[in-house]
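Heads up, the thing below is written out as structure tokens.
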Amino acid sequence: MKPRVIVLLLVSTLLLLLGSAFAHDPGSHDRGGLSGRVTDALTSAPIPRALIRACNEERGWGHKRSFQTLSLEDGTYSFAVLPTGRYIVWAQAAGHLPEYWQEADSLHKATAAAVDSGITTTGIDFTLGTGGSITGLVTDEADKLPVAGAIIEVHPRRSLACWNFIRSDAEGRYLVTGLEDGEYLVSAWRVGYYPQWYDSVSMRREATPVTISGHSAAAGIDFALSKPAPLPRSISGVVSDDTTGLPVENARIMAIPLRSFNRPRRVLSDATGSFVLRGLAAGKYVLLIDARGYKGEFYDNVRSWKEALAIEVLEGQEVTGIEIKLAPQLAGAHRITGRVLDGQGQAVEGALVRMNEGVEEIAAAVTAEEGYYDLEDLPAGSYTLTASAPGYEEATPAFAQLSLGSALPVDGLTLLVRSTATGIGENPQLPEAPELGQNYPNPFNPDTRIDFTLPARGMVRLTLHDMLGREIRTLVHGEMAAGGHSAAWDGADDYGSRMASGIYLCRLEVESGSGSFTRVRRMLLLK
């Protein structure tokens with residue numbers, strides 16, 4: 001046989017072997033693509049650098065199920081290689097409303113796009129509207145100077161979710177864009193200041209709604225933040241990604257006191273992942289941490305408060321070097337929102353809500369004020385939900401099997417926890433005698449919150465008095481269970497008349513099987 005013929009035979013044989021190998025490669029025939037264009041709904045101009053996400057609704061082909069890309073200068077984008085399946089696809093861009101394919105404003109209205117083997121599905125286009133906006137100024141109440149770096153959070157009034165947050169600039173100004181028509185509750189907070197809801201109240205339930213209609217601009221949503229009395233004690237550290245070691249910016253760190261039911265203190269990590277929790281009273285704390293795209297946890301890398309490492313803060317000392325490593329969560333198109341309540345129907349702030357598929361944890365998030373939680377960017381599947389909060393028994397699973405899919409939004413899912421007398425280590429959760437916490441905020445105008453703790457069931461009377469000892473308001477009068485409780489005062493007397501600026505006394509009286517107890521604290525109302 002001639003040498004040339006032998007070479008051709010060898011080449012042909014090699015090509016057949018390679019073709020056979022590719023034919024048996026399970027990944028070579030289960031790939032396809034998506035492509036489209038992103039434009040402005042009003043001007044039809046292309047939108048560059050829009051974020052497009054595609055999340056597979058099906059399982060069984062691999063661990064990664066969420067993919068993302070950016071549009072080019074002409075607004076076009078493409079996913080060249082995607083596993084076959086049904087995808088929820090949506091686009092978002094700065095200053096615009098997010099949109100699901102096709103032309104849907106919410107997940108449950110979205111149309112799934114099919115990715116077939118060897119085919120690029122074209123025409124997955126988006127036309128993004130600009131929506132409305134909210135703008136305002138954040139200043140220091142005392143010196144009227146601008147407050148830079150304040151966190152502005154926007155919450156749809158009829159949803160449990162937080163829309164997003166933005167920071168005020170060097171001049172204290174902020175601008176939130178891309179809002180759908182509706183009513184919103186807006187809050188501002190910064191380290192070293194009391195948090196505040198618009199318009200000048202301390203509680204979410206008392207906030208004044210801001211209305212967006214016809215893509216309008218709501219201006220003048222201003223905040224004047226007040227500072228608490230300075231306390232030198234602090235906890236500081238750094239938050240990083242446990243897979244890459246890179247810093248995690250905007251992680252939320254919450255310090256929860258163990259020997260009282262005062263509200264937790266919270267802070268956000270900066271661009272280097274660093275954080276400082278200032279103004280802490282002496283005592284023991286557990287830290288609760290979460291960040292968008294990561295699984296929340298108790299410090300140090302545990303999911304139950306009973307396993308958390310308690311941090312003791314002493315008079316005149318600072319705790320440094322707290323290293324927190326967060327695990328990324330699987331990404332998807334879905335969301336679950338709801339509340340965590342105790343046995344008396346009271347909201348539980350600082351609970352860790354966990355979502356599991358069997359024994360595998362998929363996501364975890366932390367409850368905010370009024371007990372609200374928001375588990376976002378979740379993959380489709382069947383899950384159970386539980387909650388863990390300091391001072392409470394863990395909630396039993398909300399459902400044996402909670403299904404997430406493109407047609408089922410889950411909003412308003414409530415988890416219940418019940419009080420417990422057990423503690424972390426040697427630290428009991430309930431005191432030996434009733435405790436009356438300092439009102440928060442203090443000074444205040446016009447609203448403040450008063451926390452108190454009962455070691456056992458008893459008759460409770462919580463009253464307010466002026467400096468002459470005259471009773472002006474009864475906040476609580478009746479039998480109450482053991483545990484933490486709170487009451488709010490709006491600055492008015494029993495007849496609804498507003499009280500003048502000045503010092504007022506809060507008096508707690510408790511009658512129980514162990515005897516009588518009375519405690520008084522001063523409060524300052526400033527107008």
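Just so we're on the same page: first chain in the structure tokens is A, next is B, and so on; residues restart at 1 for each chain, and ligands are numbered from 1 in the order they show up.
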**OP:** Find the residues near Ala114 of chain A: any atom within 8 Å, counting only C-alpha atoms, skip ones fewer than 3 places away on the same chain, and give them as a PyMOL selection string.
**Re:** chain A and resi 84-87+121
I want to know what sits within 7 Å of Ala291 of chain A, based on only C-alpha atoms, with residues of the same chain fewer than 4 positions away left out; could you give that as a PDB file with C-alpha atoms, in the first residue's frame?
```pdb
ATOM      1  CA  ASN A 250     -22.725  45.835  52.155  1.00  0.00           C
ATOM      2  CA  ALA A 251     -22.964  42.767  54.368  1.00  0.00           C
ATOM      3  CA  ARG A 252     -25.421  43.445  57.203  1.00  0.00           C
ATOM      4  CA  GLY A 296     -26.851  34.283  56.403  1.00  0.00           C
TER       5      GLY A 296
END
```
Original post:
Which polymer residues have any atom within 8 Å of an atom of Glu435 of chain A, counting only C-alpha atoms, with same-chain residues fewer than 6 positions away left out, as a PyMOL selection string?
Top reply: chain A and resi 260+452-454+519
Original post:
So which residues of segment 344-472 of chain A fall under strand (DSSP E or B) by DSSP, listed as JSON, numbers by chain?
Top reply: {"A": [347, 352, 353, 354, 355, 356, 357, 360, 361, 362, 363, 364, 365, 366, 372, 373, 374, 375, 376, 377, 378, 381, 382, 383, 384, 385, 386, 387, 388, 392, 393, 402, 403, 404, 405, 408, 410, 411, 412, 413, 414, 415, 416, 418, 419, 424, 427, 435, 436, 440, 444, 448, 449, 450, 451, 452, 453, 454, 458, 459, 460, 461, 462, 463, 464, 465, 471, 472]}
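Take atom CA of His465 of chain A and atom CA of Lys527 of chain A: the distance between them is 18.1 Å.
Using only C-alpha atoms, the contacts of Asp181 of chain A at a cut-off of 9 Å, with sequence neighbours closer than 5 positions omitted, comprise Gly131, Gly132, Thr211, Ile212, Ser213, Gly214, His215 and Ser216 of chain A.
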Using C-alpha atoms, can you write the selected residues to a file as a PDB file, in the first residue's frame?
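What ended up in selection_1.pdb:
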```pdb
ATOM      1  CA  GLY A 131     -40.326  54.404  36.309  1.00  0.00           C
ATOM      2  CA  GLY A 132     -40.603  56.947  39.115  1.00  0.00           C
ATOM      3  CA  THR A 211     -46.759  57.770  46.446  1.00  0.00           C
ATOM      4  CA  ILE A 212     -45.383  57.217  42.933  1.00  0.00           C
ATOM      5  CA  SER A 213     -47.976  57.678  40.195  1.00  0.00           C
ATOM      6  CA  GLY A 214     -47.465  57.955  36.448  1.00  0.00           C
ATOM      7  CA  HIS A 215     -43.713  57.521  36.870  1.00  0.00           C
ATOM      8  CA  SER A 216     -43.621  60.711  38.953  1.00  0.00           C
TER       9      SER A 216
END
```
**OP:** Within 12 Å of Glu471 of chain A, counting only C-alpha atoms, which residues show up once you throw out same-chain ones fewer than 5 positions away? Write them as a PyMOL selection string, please.
**Re:** chain A and resi 462-466+493-494+504-507
Original post:
Leaving out Asp125 of chain A and any residue of its chain fewer than 2 positions from it, which residues lie within 8 Å of it when counting only C-alpha atoms, given as a PyMOL selection string?
Top reply: chain A and resi 35-38+101-102+123+127
Next, dump the selected residues to file, keeping only C-alpha atoms, as a PDB file, in the first residue's frame.
```pdb
ATOM      1  CA  SER A  35     -29.861  36.302  22.398  1.00  0.00           C
ATOM      2  CA  GLY A  36     -31.747  39.584  22.182  1.00  0.00           C
ATOM      3  CA  ARG A  37     -31.619  43.351  22.603  1.00  0.00           C
ATOM      4  CA  VAL A  38     -32.356  45.819  25.422  1.00  0.00           C
ATOM      5  CA  TRP A 101     -39.602  38.219  29.216  1.00  0.00           C
ATOM      6  CA  GLN A 102     -42.056  38.779  27.539  1.00  0.00           C
ATOM      7  CA  GLY A 123     -35.635  37.667  19.829  1.00  0.00           C
ATOM      8  CA  THR A 127     -37.933  47.426  26.447  1.00  0.00           C
TER       9      THR A 127
END
```
